[in-house]
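Quick look at query_36.cif (mmCIF, C-alpha atoms and all ligand atoms):
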```
data_start
loop_
_atom_site.label_atom_id
_atom_site.label_comp_id
_atom_site.auth_asym_id
_atom_site.auth_seq_id
_atom_site.Cartn_x
_atom_site.Cartn_y
_atom_site.Cartn_z
CA MET S 17 15.73 111.31 74.71
CA LYS S 18 14.41 112.82 77.94
CA LEU S 19 15.87 111.59 81.21
CA GLY S 20 14.42 112.82 84.49
CA ILE S 21 16.60 112.91 87.59
CA PHE S 22 14.74 112.42 90.82
CA GLY S 23 15.34 111.24 94.38
CA LEU S 24 14.86 112.20 98.00
CA PRO S 25 15.53 115.81 99.03
CA LYS S 26 19.25 116.71 99.16
CA CYS S 27 20.39 113.41 97.64
CA GLY S 28 22.53 115.30 95.12
CA LYS S 29 20.16 115.60 92.14
CA THR S 30 21.35 119.04 91.12
CA THR S 31 24.98 118.04 91.62
CA LEU S 32 24.35 115.06 89.36
CA PHE S 33 22.57 117.32 86.87
CA ARG S 34 25.64 119.56 86.80
CA ALA S 35 27.89 116.54 86.34
CA LEU S 36 25.87 115.36 83.36
CA THR S 37 25.21 118.69 81.67
CA GLY S 38 28.18 120.83 82.69
CA HIS S 39 25.80 123.58 83.82
CA SER S 40 27.46 125.65 86.47
CA ASP S 41 25.47 128.87 86.60
CA LEU S 42 22.89 127.59 89.02
CA ASP S 43 22.49 130.21 91.67
CA GLY S 44 21.05 129.45 95.06
CA ALA S 45 17.64 130.92 94.25
CA LYS S 46 17.21 128.76 91.20
CA ARG S 47 18.39 125.67 93.02
CA SER S 48 15.95 125.94 95.82
CA SER S 49 13.00 126.63 93.55
CA HIS S 50 10.68 123.84 92.59
CA GLU S 51 10.98 124.47 88.88
CA PRO S 52 12.77 121.66 87.07
CA LEU S 53 16.08 122.50 85.43
CA VAL S 54 16.53 121.30 81.87
CA GLY S 55 19.87 120.72 80.19
CA VAL S 56 20.49 119.54 76.64
CA VAL S 57 23.70 117.63 76.06
CA LYS S 58 25.23 116.79 72.72
CA ILE S 59 26.56 113.27 72.65
CA ASP S 60 30.22 113.05 71.64
CA ASP S 61 30.62 110.64 68.77
CA GLU S 62 33.99 110.09 67.18
CA ARG S 63 32.29 108.82 64.03
CA LEU S 64 30.84 112.27 63.38
CA THR S 65 34.27 113.86 63.65
CA VAL S 66 35.72 111.41 61.14
CA LEU S 67 32.81 111.84 58.74
CA ALA S 68 32.99 115.62 59.04
CA GLN S 69 36.67 115.55 58.08
CA HIS S 70 35.74 113.56 55.02
CA PHE S 71 32.57 115.31 53.80
CA LYS S 72 33.38 118.84 55.01
CA PRO S 73 29.68 119.53 55.62
CA LYS S 74 28.13 122.90 56.46
CA LYS S 75 26.64 121.38 59.58
CA VAL S 76 27.39 118.54 61.99
CA THR S 77 24.48 117.40 64.15
CA PRO S 78 24.99 114.94 66.99
CA VAL S 79 22.32 113.13 68.93
CA THR S 80 21.25 115.04 72.03
CA VAL S 81 20.01 114.00 75.44
CA GLU S 82 17.78 116.12 77.64
CA TYR S 83 18.33 115.89 81.38
CA TRP S 84 15.65 117.17 83.72
CA ASP S 85 16.43 117.90 87.36
CA LEU S 86 13.07 117.20 88.97
CA PRO S 87 12.66 118.44 92.53
CA GLY S 88 9.43 117.56 94.21
CA ILE S 89 9.65 114.49 96.38
CA THR S 90 9.16 115.44 99.98
CA ASP S 91 10.48 113.34 102.76
CA GLY S 92 8.48 112.15 105.75
CA ASN S 93 10.13 111.51 109.07
CA LEU S 94 11.90 108.16 108.84
CA GLU S 95 11.86 107.54 112.58
CA ASP S 96 8.06 107.73 112.55
CA GLY S 97 8.01 105.35 109.61
CA GLY S 98 7.06 108.48 107.66
CA ARG S 99 6.31 108.17 103.99
CA CYS S 100 7.96 110.24 101.33
CA SER S 101 5.43 111.71 98.97
CA LEU S 102 5.26 111.99 95.22
CA PRO S 103 2.94 114.91 94.44
CA ASP S 104 0.71 114.76 91.34
CA GLY S 105 2.57 117.43 89.35
CA PHE S 106 5.80 115.58 89.96
CA LEU S 107 4.29 112.28 88.85
CA ALA S 108 2.96 113.81 85.65
CA GLN S 109 6.43 115.13 84.86
CA ILE S 110 8.08 111.80 85.56
CA ARG S 111 5.60 109.98 83.35
CA SER S 112 6.52 112.17 80.38
CA MET S 113 10.19 111.10 80.57
CA ASP S 114 11.66 108.32 78.41
CA ALA S 115 13.58 107.06 81.41
CA ILE S 116 14.18 108.04 84.99
CA ILE S 117 17.46 108.46 86.80
CA HIS S 118 16.98 107.57 90.42
CA CYS S 119 19.65 109.41 92.43
CA LEU S 120 20.66 107.88 95.78
CA ARG S 121 22.66 109.69 98.44
CA PHE S 122 25.81 107.97 99.62
CA PHE S 123 27.45 110.83 101.49
CA ASP S 124 26.92 112.10 104.97
CA SER S 125 26.44 115.74 105.66
CA ASP S 126 25.92 117.82 108.78
CA PHE S 127 22.92 119.46 107.17
CA ILE S 128 21.11 116.25 106.41
CA GLY S 129 19.86 114.42 109.47
CA SER S 130 20.02 110.71 108.82
CA PRO S 131 23.16 108.86 107.75
CA SER S 132 23.06 107.77 104.14
CA ASP S 133 21.79 104.33 103.25
CA PRO S 134 21.28 104.16 99.48
CA PHE S 135 19.67 100.74 99.42
CA LYS S 136 17.12 101.66 102.07
CA ASP S 137 16.28 104.88 100.21
CA PHE S 138 15.89 102.93 96.99
CA LEU S 139 13.40 100.57 98.61
CA ARG S 140 11.45 103.44 100.16
CA ILE S 141 10.98 105.25 96.87
CA GLU S 142 10.27 102.06 95.00
CA GLU S 143 7.52 101.33 97.51
CA GLU S 144 5.98 104.75 96.85
CA MET S 145 6.07 104.01 93.15
CA LEU S 146 4.29 100.70 93.64
CA LEU S 147 1.62 102.47 95.69
CA SER S 148 1.20 105.15 93.06
CA ASP S 149 0.79 102.51 90.32
CA LEU S 150 -1.59 100.56 92.52
CA SER S 151 -3.79 103.57 93.10
CA ILE S 152 -4.00 104.21 89.33
CA ILE S 153 -4.99 100.61 88.72
CA GLU S 154 -7.61 100.56 91.46
CA LYS S 155 -9.23 103.74 90.17
CA ARG S 156 -9.23 102.47 86.62
CA LEU S 157 -10.65 99.08 87.58
CA ASP S 158 -13.42 100.78 89.48
CA ARG S 159 -14.28 102.88 86.45
CA LEU S 160 -14.07 99.97 84.01
CA GLU S 161 -16.31 97.74 86.08
CA LYS S 162 -18.93 100.47 86.25
CA ASP S 163 -18.59 101.16 82.51
CA LEU S 164 -18.88 97.52 81.51
CA GLN S 165 -22.67 97.59 81.87
CA LYS S 166 -23.01 100.69 79.71
CA LEU S 167 -20.59 99.81 76.91
CA ARG S 168 -21.55 98.85 73.39
CA LYS S 169 -21.00 95.22 72.48
CA GLU S 170 -17.82 95.84 70.43
CA ALA S 171 -16.22 97.84 73.21
CA ILE S 172 -16.95 95.26 75.87
CA LYS S 173 -14.36 92.78 74.63
CA ASP S 174 -11.61 95.39 74.81
CA ALA S 175 -12.66 96.47 78.28
CA VAL S 176 -12.66 92.89 79.53
CA VAL S 177 -9.13 92.32 78.20
CA GLU S 178 -7.98 95.53 79.85
CA CYS S 179 -9.67 94.57 83.12
CA GLU S 180 -7.95 91.19 83.10
CA LEU S 181 -4.52 92.72 82.45
CA LEU S 182 -5.02 95.31 85.16
CA LYS S 183 -6.03 92.65 87.67
CA GLN S 184 -2.91 90.65 86.90
CA ALA S 185 -0.81 93.82 87.25
CA LYS S 186 -2.48 94.52 90.57
CA ASP S 187 -1.56 91.02 91.77
CA ILE S 188 2.09 91.72 91.01
CA LEU S 189 1.98 94.98 92.96
CA ASP S 190 0.14 93.31 95.85
CA GLN S 191 3.08 90.91 96.09
CA GLY S 192 5.35 93.94 96.47
CA LYS S 193 6.91 93.51 93.04
CA PRO S 194 7.44 96.33 90.53
CA LEU S 195 5.57 96.16 87.22
CA ARG S 196 8.77 95.85 85.21
CA THR S 197 8.71 92.22 86.34
CA PHE S 198 5.31 91.78 84.63
CA PRO S 199 6.06 91.37 80.90
CA PRO S 200 2.72 92.76 79.59
CA ALA S 201 3.46 96.04 81.41
CA LEU S 202 6.32 96.50 78.94
CA SER S 203 4.84 94.85 75.87
CA SER S 204 1.10 95.54 75.84
CA GLU S 205 0.09 98.84 74.22
CA LYS S 206 -2.82 99.04 76.65
CA LEU S 207 -0.71 98.83 79.79
CA ARG S 208 2.12 100.92 78.38
CA SER S 209 -0.23 103.83 77.89
CA TYR S 210 -0.53 104.10 81.68
CA ALA S 211 3.20 104.88 81.92
CA PHE S 212 3.46 103.03 85.22
CA LEU S 213 6.33 104.31 87.32
CA SER S 214 7.52 100.90 88.43
CA ALA S 215 7.76 99.78 84.79
CA LYS S 216 9.55 102.89 83.53
CA PRO S 217 13.10 102.36 82.26
CA SER S 218 15.23 103.26 85.27
CA LEU S 219 18.85 104.05 85.81
CA VAL S 220 19.66 103.93 89.51
CA LEU S 221 22.71 106.00 90.35
CA ILE S 222 24.46 105.95 93.70
CA ASN S 223 26.00 109.34 94.34
CA ALA S 224 29.04 108.79 96.55
CA GLY S 225 30.89 111.41 98.55
CA GLN S 226 34.65 111.74 98.17
CA GLU S 227 35.15 110.34 101.67
CA LYS S 228 33.82 106.96 100.50
CA SER S 229 36.28 104.35 99.29
CA HIS S 230 35.88 102.45 96.05
CA GLU S 231 35.40 99.29 98.13
CA GLN S 232 32.52 100.81 100.11
CA LEU S 233 30.95 101.97 96.89
CA ALA S 234 31.35 98.56 95.25
CA ARG S 235 29.67 96.94 98.24
CA VAL S 236 26.48 99.07 98.17
CA LEU S 237 26.35 98.88 94.41
CA LYS S 238 26.49 95.09 94.60
CA THR S 239 23.62 94.95 97.11
CA LEU S 240 21.51 96.99 94.74
CA GLN S 241 22.56 95.05 91.66
CA ASP S 242 21.80 91.74 93.37
CA HIS S 243 18.35 93.02 94.26
CA ILE S 244 17.47 93.94 90.65
CA LYS S 245 19.47 91.29 88.85
CA ASP S 246 16.49 89.41 87.42
CA GLN S 247 14.55 92.52 86.47
CA PRO S 248 14.45 94.04 83.00
CA ASN S 249 14.37 97.78 82.32
CA ILE S 250 16.54 98.77 85.28
CA ILE S 251 20.30 99.27 85.59
CA ALA S 252 22.33 100.38 88.62
CA ASP S 253 25.61 102.29 88.57
CA ALA S 254 27.55 104.60 90.86
CA LEU S 255 29.56 107.77 90.59
CA PHE S 256 31.19 110.54 92.58
CA ALA S 257 28.84 113.28 91.36
CA ASP S 258 30.67 116.12 93.14
CA ASN S 259 33.93 115.19 91.39
CA GLU S 260 32.18 114.70 88.11
CA ALA S 261 30.48 118.09 88.37
CA GLU S 262 33.96 119.62 88.67
CA ILE S 263 35.18 117.67 85.66
CA ALA S 264 32.19 118.78 83.62
CA ARG S 265 33.21 122.41 84.11
CA LEU S 266 36.74 121.90 82.77
CA SER S 267 37.93 122.26 79.20
CA PRO S 268 38.35 118.92 77.41
CA GLU S 269 42.16 119.10 77.86
CA GLU S 270 41.93 119.89 81.56
CA ALA S 271 39.32 117.17 82.03
CA LYS S 272 41.63 114.63 80.41
CA GLU S 273 44.43 115.52 82.86
CA PHE S 274 42.07 115.39 85.81
CA LEU S 275 40.76 111.97 84.75
CA ALA S 276 44.30 110.68 84.29
CA ASP S 277 45.09 111.80 87.86
CA LEU S 278 42.07 109.85 89.09
CA LYS S 279 43.19 106.90 86.98
CA VAL S 280 39.88 106.66 85.13
CA GLU S 281 39.49 106.65 81.39
CA SER S 282 36.29 108.53 80.74
CA SER S 283 33.97 110.78 82.66
CA ALA S 284 30.77 109.39 84.13
CA LYS S 285 28.93 111.69 81.73
CA GLN S 286 29.94 109.57 78.75
CA ARG S 287 29.38 106.31 80.57
CA ILE S 288 25.89 107.30 81.67
CA VAL S 289 24.83 108.32 78.18
CA LYS S 290 25.96 104.93 76.94
CA THR S 291 24.13 103.15 79.76
CA SER S 292 20.98 105.13 78.97
CA PHE S 293 21.19 104.07 75.33
CA ASP S 294 21.48 100.44 76.43
CA LEU S 295 18.62 100.85 78.89
CA LEU S 296 16.33 102.34 76.25
CA GLN S 297 17.68 99.96 73.61
CA LEU S 298 18.63 102.75 71.28
CA ILE S 299 21.13 102.69 68.44
CA VAL S 300 22.59 105.35 66.20
CA PHE S 301 22.60 105.47 62.42
CA LEU S 302 24.38 108.12 60.40
CA THR S 303 23.68 110.24 57.37
CA ALA S 304 26.53 112.04 55.63
CA GLY S 305 26.75 114.51 52.78
CA GLU S 306 28.11 117.92 51.92
CA LYS S 307 25.16 119.66 53.53
CA GLU S 308 25.11 117.83 56.82
CA VAL S 309 26.70 114.98 58.73
CA ARG S 310 24.28 113.77 61.31
CA ALA S 311 23.65 111.06 63.93
CA TRP S 312 20.11 109.78 64.49
CA GLN S 313 18.80 107.66 67.32
CA ILE S 314 16.25 104.90 66.81
CA LYS S 315 15.10 101.84 68.73
CA LYS S 316 17.18 98.73 68.26
CA GLY S 317 15.43 96.40 65.83
CA SER S 318 13.94 99.26 63.76
CA THR S 319 13.54 98.80 60.04
CA ALA S 320 14.94 101.05 57.32
CA LEU S 321 11.44 102.45 56.92
CA ILE S 322 11.30 103.55 60.55
CA ALA S 323 14.76 105.08 60.19
CA ALA S 324 13.53 106.98 57.14
CA GLU S 325 10.57 108.21 59.13
CA ALA S 326 12.87 109.47 61.89
CA ILE S 327 14.33 111.86 59.31
CA HIS S 328 11.13 112.88 57.55
CA THR S 329 7.74 111.29 56.92
CA ASP S 330 8.10 112.20 53.20
CA ILE S 331 11.18 110.01 52.94
CA ALA S 332 9.28 107.13 54.47
CA ARG S 333 6.26 107.70 52.25
CA GLY S 334 8.30 107.83 49.05
CA PHE S 335 10.81 105.19 50.15
CA ILE S 336 12.49 103.44 47.19
CA ARG S 337 15.56 101.90 48.80
CA ALA S 338 18.32 102.50 51.32
CA GLU S 339 21.98 102.51 50.34
CA VAL S 340 23.80 101.28 53.41
CA VAL S 341 27.47 101.11 54.28
CA TYR S 342 28.72 100.22 57.71
CA TYR S 343 30.73 103.11 59.20
CA GLU S 344 33.82 100.97 59.91
CA ASP S 345 33.82 99.71 56.31
CA PHE S 346 33.55 103.25 55.01
CA LYS S 347 36.38 104.38 57.26
CA LYS S 348 38.61 101.52 56.09
CA ALA S 349 37.79 102.18 52.44
CA GLY S 350 38.44 105.90 52.87
CA SER S 351 35.87 106.99 50.32
CA MET S 352 32.42 106.11 49.05
CA GLN S 353 33.80 105.19 45.61
CA ILE S 354 36.23 102.67 47.07
CA ALA S 355 33.58 101.30 49.44
CA GLN S 356 31.36 100.81 46.41
CA LYS S 357 34.13 99.07 44.45
CA GLU S 358 34.72 96.76 47.39
CA ALA S 359 30.99 95.95 47.38
CA LYS S 360 30.56 97.34 50.89
CA VAL S 361 27.61 99.51 49.88
CA ARG S 362 24.44 97.44 50.00
CA LEU S 363 20.99 98.17 48.61
CA GLU S 364 18.39 97.44 51.23
CA GLY S 365 14.60 97.54 51.26
CA LYS S 366 12.04 98.83 53.76
CA GLU S 367 12.28 95.74 55.97
CA TYR S 368 16.04 95.88 56.48
CA ILE S 369 16.92 95.96 60.20
CA VAL S 370 19.21 98.93 60.81
CA LYS S 371 22.43 98.31 62.80
CA ASP S 372 24.27 100.71 65.06
CA GLY S 373 26.83 102.53 62.92
CA ASP S 374 25.07 102.10 59.57
CA MET S 375 25.57 105.03 57.22
CA ILE S 376 22.42 105.33 55.17
CA LEU S 377 21.48 107.21 52.05
CA PHE S 378 17.74 107.01 51.39
CA ARG S 379 16.47 107.06 47.83
CA PHE S 380 12.90 108.26 47.74
CA ASN S 381 10.30 109.70 45.46
CA VAL S 382 7.69 112.27 46.47
N1 LIG S 401 29.76 115.77 101.15
C1 LIG S 401 29.13 115.72 99.98
N2 LIG S 401 28.17 116.61 99.75
C2 LIG S 401 27.52 116.56 98.58
C3 LIG S 401 27.81 115.59 97.59
N3 LIG S 401 26.96 115.77 96.54
C4 LIG S 401 26.18 116.80 96.88
N4 LIG S 401 26.52 117.27 98.11
C5 LIG S 401 25.94 118.39 98.87
O1 LIG S 401 24.67 118.03 99.30
C6 LIG S 401 23.79 119.14 99.21
C7 LIG S 401 22.63 118.79 98.34
O2 LIG S 401 23.09 118.59 97.02
P1 LIG S 401 22.18 118.95 95.78
O3 LIG S 401 22.90 118.49 94.58
O4 LIG S 401 21.74 120.35 95.83
O5 LIG S 401 20.98 117.97 96.13
P2 LIG S 401 19.51 118.01 95.56
O6 LIG S 401 19.05 116.62 95.60
O7 LIG S 401 19.48 118.71 94.27
O8 LIG S 401 18.76 118.85 96.67
P3 LIG S 401 17.27 119.44 96.58
O9 LIG S 401 17.04 119.88 95.17
O10 LIG S 401 17.27 120.58 97.55
O11 LIG S 401 16.38 118.33 97.01
C8 LIG S 401 24.62 120.30 98.65
O12 LIG S 401 25.05 121.08 99.73
C9 LIG S 401 25.77 119.60 97.97
O13 LIG S 401 26.92 120.40 97.94
C10 LIG S 401 28.85 114.66 97.87
O14 LIG S 401 29.17 113.82 97.05
N5 LIG S 401 29.48 114.79 99.07
MG MG S 402 18.26 120.29 93.59
#
```
Can the structure in the file be given as structure tokens, please?
Amino acid sequence: MKLGIFGLPKCGKTTLFRALTGHSDLDGAKRSSHEPLVGVVKIDDERLTVLAQHFKPKKVTPVTVEYWDLPGITDGNLEDGGRCSLPDGFLAQIRSMDAIIHCLRFFDSDFIGSPSDPFKDFLRIEEEMLLSDLSIIEKRLDRLEKDLQKLRKEAIKDAVVECELLKQAKDILDQGKPLRTFPPALSSEKLRSYAFLSAKPSLVLINAGQEKSHEQLARVLKTLQDHIKDQPNIIADALFADNEAEIARLSPEEAKEFLADLKVESSAKQRIVKTSFDLLQLIVFLTAGEKEVRAWQIKKGSTALIAAEAIHTDIARGFIRAEVVYYEDFKKAGSMQIAQKEAKVRLEGKEYIVKDGDMILFRFNV
């Protein structure tokens, strides 16, 4: 899973990146460069720990998340109604992400001119995204309309369907609405291949300074949440990224103490991973044996065949059946033999819909 962090200059992207990845060795030179920073984070999963105790495998492999700190947006002068700009290279990078994390500044600083207004910043960037999507659509429509005369008969039907969809999408943008509110932008293969920015799964994160109270934070978060409440594919949350970046540098024991002092249960890092899974509608299934105990991520609603394919195409090709036991049932039973005796191990076929927490053993034949 690749998540790209972006936002206006100096909104706290790199601080957020550090909070999420625990990276601390970011010197000034690296920070100011326009190269993205990439951090891979292993997702803590208590289930893997329990399974590892049981199977004593050679290897334990958790699911990982890749965070990308994407500099690149430049800011126009607000007073002049200036536009922020999303350069092409930056757009290409954003399009290759599974989801975007939109970082919003909610701290004031002597070095940054304007006072922070997260909601206003959100609207500004969203507007740029709409314009970027609009320009793609207009170019494509232009091309398609020219091509229509030259196309072979069979290809014409496809082009007409695409044209129609693009025109409807353009209408939505012309009304100032993001494409995530246009269902075909999420469901149609044709439109999805454009990777429209305003339809991309988005996690909007308000980065609050320590001087802000929880009440102030709740208020701006609510404004944002009210604004997006009827939209799919977007979730808003808030955090104190500076604090969280400190926590991320501590040992697990120290972090626990620090969190207890702040009277919060878990770090934002864990919460944000969970939110990202929800946003992307991902679930985890598990495989366990003496060689390896491993967590795998797949889309919610995936069949056993797709799960098999996530491991290896050979397993999918030679699929015979899946032996499935729900993790909690296995844990209660204490061993595979007992789980089997209690009839908790089921034999499932290719079409079985995998659930979060299923432990699966694939039987296959190659
Ligand atoms: N007061 C305060 N300052 C913060 C906070 N978060 C980040 N900063 C400061 O704001 C400045 C910018 O933070 P960065 O995390 O580097 O922001 P950025 O978005 O990565 O900046 P660019 O990559 O240069 O666009 C730094 O000096 C941070 O120390 C915060 O919560 N409160
Ligand atoms: Mg930065």
With 12 Å as the cut-off and all atoms listed in the file counted, what is the closest atom pair between each nearby residue of range 186-303 of chain S and range 155-159 of chain S? Distances in Å to one decimal, ordered by chain and number, as a tab-separated table.
```
residue	atom	partner	partner_atom	distance
S:Lys186	CA	S:Leu157	CA	9.8
S:Leu207	CA	S:Arg156	CA	11.5
S:Tyr210	CA	S:Arg156	CA	10.1
```
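Atom C3 of ligand LIG 401 (chain S) sits 10.9 Å away from CA of Lys228 in chain S.
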Taking all atoms listed in the file into account, report as JSON, numbers by chain which residues have an atom no farther than 9 Å from an atom of ligand LIG 401 (chain S).
{"S": [22, 23, 24, 25, 26, 27, 28, 29, 30, 31, 32, 33, 34, 47, 48, 49, 50, 85, 86, 87, 88, 89, 90, 119, 120, 121, 122, 123, 124, 125, 126, 127, 128, 223, 224, 225, 226, 227, 228, 255, 256, 257, 258, 259]}
Contact check, range 54-141 of chain S to range 362-375 of chain S, at most 12 Å, counting only C-alpha atoms, closest pairs as a Markdown table:
```
| residue | atom | partner | partner_atom | distance |
| --- | --- | --- | --- | --- |
| S:Asp61 | CA | S:Gly373 | CA | 10.7 |
| S:Glu62 | CA | S:Gly373 | CA | 11.3 |
| S:Arg63 | CA | S:Gly373 | CA | 8.4 |
| S:Leu64 | CA | S:Gly373 | CA | 10.5 |
| S:Leu67 | CA | S:Met375 | CA | 10.1 |
```
Between S:Arg111, S:Lys348, S:Lys193, S:Lys18, single out the one closest to Ser209 in chain S, counting all atoms listed in the file.
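Closest candidate: S:Arg111.
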Counting only C-alpha atoms, what are the residues of range 62-135 of chain S within 12 Å of range 285-307 of chain S, and for each of them which pair of atoms is the nearest and at what distance in Å, to one decimal? Sort the table by chain and rising number, as CSV.
```
residue,atom,partner,partner_atom,distance
S:Glu62,CA,S:Leu302,CA,11.9
S:Arg63,CA,S:Leu302,CA,8.7
S:Leu64,CA,S:Leu302,CA,8.2
S:Thr65,CA,S:Ala304,CA,11.3
S:Val66,CA,S:Ala304,CA,10.7
S:Leu67,CA,S:Ala304,CA,7.0
S:Ala68,CA,S:Ala304,CA,8.1
S:Gln69,CA,S:Glu306,CA,10.8
S:His70,CA,S:Gly305,CA,9.3
S:Phe71,CA,S:Glu306,CA,5.5
S:Lys72,CA,S:Glu306,CA,6.2
S:Pro73,CA,S:Glu306,CA,4.3
S:Lys74,CA,S:Lys307,CA,5.3
S:Lys75,CA,S:Lys307,CA,6.5
S:Val76,CA,S:Lys307,CA,8.8
S:Thr77,CA,S:Thr303,CA,9.9
S:Pro78,CA,S:Leu302,CA,9.5
S:Val79,CA,S:Val300,CA,8.2
S:Thr80,CA,S:Val289,CA,9.8
S:Val81,CA,S:Val289,CA,7.9
S:Glu82,CA,S:Val289,CA,10.5
S:Tyr83,CA,S:Val289,CA,10.5
S:Met113,CA,S:Leu296,CA,11.5
S:Asp114,CA,S:Leu296,CA,7.9
S:Ala115,CA,S:Leu296,CA,7.5
S:Ile116,CA,S:Ser292,CA,9.5
S:Ile117,CA,S:Ser292,CA,9.2
```
Gap from CA of Tyr342 in chain S to CA of Ser282 in chain S - Å, one decimal:
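CA of Tyr342 in chain S sits 25.6 Å away from CA of Ser282 in chain S.
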Nearest to Ile331 in chain S, chosen from S:Val382, S:Asp187, S:Arg310, S:Val280, with only C-alpha atoms counted in the distances
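Ranked by minimum distance to Ile331 in chain S, first place goes to S:Val382.
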All heavy atoms for range 279-285 of chain S, written as a JSON list (two decimals), in the frame of the given file, could you do that?
```json
[["chain", "number", "residue", "atom", "x", "y", "z"],
["S", 279, "LYS", "N", 43.00, 108.23, 87.58],
["S", 279, "LYS", "CA", 43.19, 106.90, 86.98],
["S", 279, "LYS", "C", 41.89, 106.31, 86.42],
["S", 279, "LYS", "O", 41.61, 105.13, 86.55],
["S", 279, "LYS", "CB", 43.82, 105.91, 87.98],
["S", 279, "LYS", "CG", 45.21, 106.30, 88.41],
["S", 279, "LYS", "CD", 45.89, 105.15, 89.13],
["S", 279, "LYS", "CE", 47.34, 105.44, 89.47],
["S", 279, "LYS", "NZ", 47.54, 106.63, 90.35],
["S", 280, "VAL", "N", 41.06, 107.17, 85.85],
["S", 280, "VAL", "CA", 39.88, 106.66, 85.13],
["S", 280, "VAL", "C", 39.92, 107.16, 83.69],
["S", 280, "VAL", "O", 40.48, 108.23, 83.41],
["S", 280, "VAL", "CB", 38.53, 107.05, 85.78],
["S", 280, "VAL", "CG1", 38.23, 106.20, 86.97],
["S", 280, "VAL", "CG2", 38.51, 108.52, 86.14],
["S", 281, "GLU", "N", 39.36, 106.36, 82.81],
["S", 281, "GLU", "CA", 39.49, 106.65, 81.39],
["S", 281, "GLU", "C", 38.51, 107.71, 80.88],
["S", 281, "GLU", "O", 38.88, 108.60, 80.14],
["S", 281, "GLU", "CB", 39.27, 105.36, 80.59],
["S", 281, "GLU", "CG", 40.58, 104.74, 80.16],
["S", 281, "GLU", "CD", 40.35, 103.40, 79.53],
["S", 281, "GLU", "OE1", 39.35, 103.27, 78.81],
["S", 281, "GLU", "OE2", 41.17, 102.51, 79.78],
["S", 282, "SER", "N", 37.25, 107.57, 81.27],
["S", 282, "SER", "CA", 36.29, 108.53, 80.74],
["S", 282, "SER", "C", 35.44, 109.06, 81.87],
["S", 282, "SER", "O", 35.36, 108.47, 82.94],
["S", 282, "SER", "CB", 35.40, 107.86, 79.70],
["S", 282, "SER", "OG", 34.62, 106.88, 80.34],
["S", 283, "SER", "N", 34.81, 110.20, 81.63],
["S", 283, "SER", "CA", 33.97, 110.78, 82.66],
["S", 283, "SER", "C", 32.68, 109.98, 82.76],
["S", 283, "SER", "O", 32.28, 109.29, 81.82],
["S", 283, "SER", "CB", 33.66, 112.23, 82.31],
["S", 283, "SER", "OG", 32.88, 112.26, 81.14],
["S", 284, "ALA", "N", 32.04, 110.10, 83.92],
["S", 284, "ALA", "CA", 30.77, 109.39, 84.13],
["S", 284, "ALA", "C", 29.74, 109.86, 83.12],
["S", 284, "ALA", "O", 28.85, 109.11, 82.73],
["S", 284, "ALA", "CB", 30.28, 109.63, 85.55],
["S", 285, "LYS", "N", 29.87, 111.11, 82.69],
["S", 285, "LYS", "CA", 28.93, 111.69, 81.73],
["S", 285, "LYS", "C", 28.81, 110.81, 80.49],
["S", 285, "LYS", "O", 27.72, 110.48, 80.04],
["S", 285, "LYS", "CB", 29.44, 113.07, 81.37],
["S", 285, "LYS", "CG", 28.64, 113.83, 80.38],
["S", 285, "LYS", "CD", 29.26, 115.21, 80.22],
["S", 285, "LYS", "CE", 28.94, 115.76, 78.84],
["S", 285, "LYS", "NZ", 29.60, 117.03, 78.59]]
```
